[in-house]
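Working notes, beginning with the structure itself.
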Amino acid sequence: MNNLNKSALVVEGGAMRGIFSAGILDAFIKYEFNPFDICIGVSAGANNLTSFLANMYQRSYKIYTDYSLRKDFINWTRFLKGGHLLDLDWLWDTTLKEIPIEVDRIVNSKSKFYVGVTEVKTGRIKYLKPTVQNIKMVLKASSCIPIFYRDFIKLDDVYYVDGGIADPIPVKEAVNQGAKKILVLRSRPYSYTMKQKRKDFITHLMFTTHPKLKESIIKRHETYQESIDFIRNNKELKIIEVNPPETFKTKRLTKEFEILKNDYQIGFEIGERLVNQLNNQL
């Protein structure tokens, strides 16, 4: 690939719905399929990409179907008492200790890796290239869903939250990086349309002192639809969109092991087909 004909892999977030792209990426690992010059992800998508680029088969699967199901991570009682609903601190500390990421493989990968994070002050997306020193905090920032996790993540004196707020499907960034061939792994069925919330009083209340972030949250449905329109209506680029089927059962906070296992398997089987279909196209 030359600089004018780069290929990119873009992975949407979606919390537990990321089990779908985890399955696809494990199939890619199994069949040693990585023709991508650029890999870009937000939130769960970024975390799935770390396992892919580190060549750590089923690391993401284990996190979704084991660690993420423990009460230490998703805990409504703790949330109602003023704590985190999603305890990212526990999840990151525990998984990095027990199934550590092979960071050297990621930073030395032939695929340039970018993680989307939303800047609290401006409400805008920023794409960070993780390093050995900051990868833990960058990934945590990209997954920091406001309200569900009650803090912001500070990196170099700047506060960030979930990258999926400002750019939920970062396909345009892939184009900005020079990609002409783009594979987009979604976490929603093809028919899904994000609707505007009528009155999100919690958002208005919680982010009064962060007006730009509040604006990005309120307008997220517009940003989301713009990305989908770009993917489906662009005639100048080769963009392949891969969605979970309409029967996909996993939701943002699904904790049922069998549902997650089955939806992972759906992703894995689709990944196997993609390897065969795309072997000479990307």
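Chain labels A, B, ... are given in the sequence in which chains occur in the structure tokens; within each chain residues are numbered consecutively from 1, and ligands are likewise numbered from 1 in the order shown.
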
* To do: Would you list, as a ChimeraX atom specification, the residues of segment 18-151 of chain A that end up in alpha helix (DSSP H) under DSSP run on this structure's backbone?
  => /A:19-30,44-53,59-65,76-80,88-98,103-107,135-142

Where does segment 146-255 of chain A meet segment 124-133 of chain A within 7 Å, residue by residue, with the nearest atom pair and distance in Å to one decimal for each, counting only C-alpha atoms, listed by chain and rising number, as a Markdown table?
```
| residue | atom | partner | partner_atom | distance |
| --- | --- | --- | --- | --- |
| A:Gly163 | CA | A:Ile125 | CA | 6.5 |
| A:Ala166 | CA | A:Ile125 | CA | 5.2 |
| A:Asp167 | CA | A:Ile125 | CA | 6.3 |
```

Export of prior selection with N, CA, C and O atoms as a short mmCIF file (atom, residue, chain, number, x, y, z; two decimals), in the first residue's frame:
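Saved result, part06.cif, follows:
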```
data_model
loop_
_atom_site.label_atom_id
_atom_site.label_comp_id
_atom_site.auth_asym_id
_atom_site.auth_seq_id
_atom_site.Cartn_x
_atom_site.Cartn_y
_atom_site.Cartn_z
N GLY A 163 -15.01 8.39 23.73
CA GLY A 163 -14.87 8.88 22.37
C GLY A 163 -16.11 8.71 21.53
O GLY A 163 -16.30 9.41 20.53
N ALA A 166 -18.45 12.11 20.77
CA ALA A 166 -18.19 13.09 19.72
C ALA A 166 -18.06 12.47 18.33
O ALA A 166 -18.31 13.13 17.32
N ASP A 167 -17.68 11.19 18.27
CA ASP A 167 -17.53 10.54 16.96
C ASP A 167 -17.75 9.04 17.13
O ASP A 167 -16.80 8.26 17.21
#
```

* Asked: Leaving out Gly267 of chain A and any residue of its chain fewer than 6 positions from it, which residues lie within 8 Å of it when counting only C-alpha atoms, given as a ChimeraX atom specification?
  -> /A:19-24,244

Can I get the selected residues back with N, CA, C and O atoms, as a PDB file, in the first residue's frame?
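Once written, part.pdb looks like this:
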```
ATOM      1  N   ILE A  19     -19.063  -7.246  21.898  1.00  0.00           N
ATOM      2  CA  ILE A  19     -18.817  -8.680  21.791  1.00  0.00           C
ATOM      3  C   ILE A  19     -18.857  -9.135  20.334  1.00  0.00           C
ATOM      4  O   ILE A  19     -18.177 -10.087  19.944  1.00  0.00           O
ATOM      5  N   PHE A  20     -19.629  -8.427  19.504  1.00  0.00           N
ATOM      6  CA  PHE A  20     -19.725  -8.781  18.081  1.00  0.00           C
ATOM      7  C   PHE A  20     -18.390  -8.551  17.372  1.00  0.00           C
ATOM      8  O   PHE A  20     -17.867  -9.457  16.699  1.00  0.00           O
ATOM      9  N   SER A  21     -17.828  -7.359  17.514  1.00  0.00           N
ATOM     10  CA  SER A  21     -16.545  -7.092  16.842  1.00  0.00           C
ATOM     11  C   SER A  21     -15.421  -7.900  17.479  1.00  0.00           C
ATOM     12  O   SER A  21     -14.443  -8.250  16.800  1.00  0.00           O
ATOM     13  N   ALA A  22     -15.554  -8.239  18.766  1.00  0.00           N
ATOM     14  CA  ALA A  22     -14.550  -9.103  19.398  1.00  0.00           C
ATOM     15  C   ALA A  22     -14.490 -10.450  18.693  1.00  0.00           C
ATOM     16  O   ALA A  22     -13.401 -11.008  18.473  1.00  0.00           O
ATOM     17  N   GLY A  23     -15.652 -10.979  18.313  1.00  0.00           N
ATOM     18  CA  GLY A  23     -15.687 -12.240  17.581  1.00  0.00           C
ATOM     19  C   GLY A  23     -15.048 -12.128  16.214  1.00  0.00           C
ATOM     20  O   GLY A  23     -14.264 -12.996  15.793  1.00  0.00           O
ATOM     21  N   ILE A  24     -15.361 -11.063  15.491  1.00  0.00           N
ATOM     22  CA  ILE A  24     -14.772 -10.856  14.157  1.00  0.00           C
ATOM     23  C   ILE A  24     -13.255 -10.747  14.261  1.00  0.00           C
ATOM     24  O   ILE A  24     -12.508 -11.383  13.497  1.00  0.00           O
ATOM     25  N   PRO A 244     -24.015  -6.513  12.992  1.00  0.00           N
ATOM     26  CA  PRO A 244     -24.616  -7.710  13.569  1.00  0.00           C
ATOM     27  C   PRO A 244     -25.997  -7.921  12.966  1.00  0.00           C
ATOM     28  O   PRO A 244     -26.613  -6.961  12.486  1.00  0.00           O
TER      29      PRO A 244
END
```

* Leaving out Tyr61 of chain A and any residue of its chain fewer than 6 positions from it, which residues lie within 12 Å of it when counting only C-alpha atoms, given as a PyMOL selection string? -> chain A and resi 16-27+44+47-48+51-52+67-69+99+257+260-265+267-268

* **All strand (DSSP E) positions in segment 149-218 of chain A, as a list in words** =>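 So, restricting segment 149-218 of chain A to strand (DSSP E), we get Ile153, Lys154, Leu155, Val158, Tyr159, Tyr160, Val161, Asp162, Ala179, Lys180, Lys181, Ile182, Leu183, Val184 and Leu185 of chain A.
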
* **Nearest residue to Ile239 of chain A from the set A:Thr118, A:Val275, A:Ala179, A:Ile145 (distances using only C-alpha atoms)** =>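 So, comparing all the options, the nearest one is A:Ala179.
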
* **Closest of A:Met137, A:Ser7, A:Ser216, A:Asn55 to Asn280 of chain A - atom-to-atom distances counting only C-alpha atoms** => A:Ser7

* Asked: Counting only C-alpha atoms, what is within 12 Å of Ile40 of chain A, bar same-chain residues fewer than 3 positions away, as a count of residues only?
  -> 50
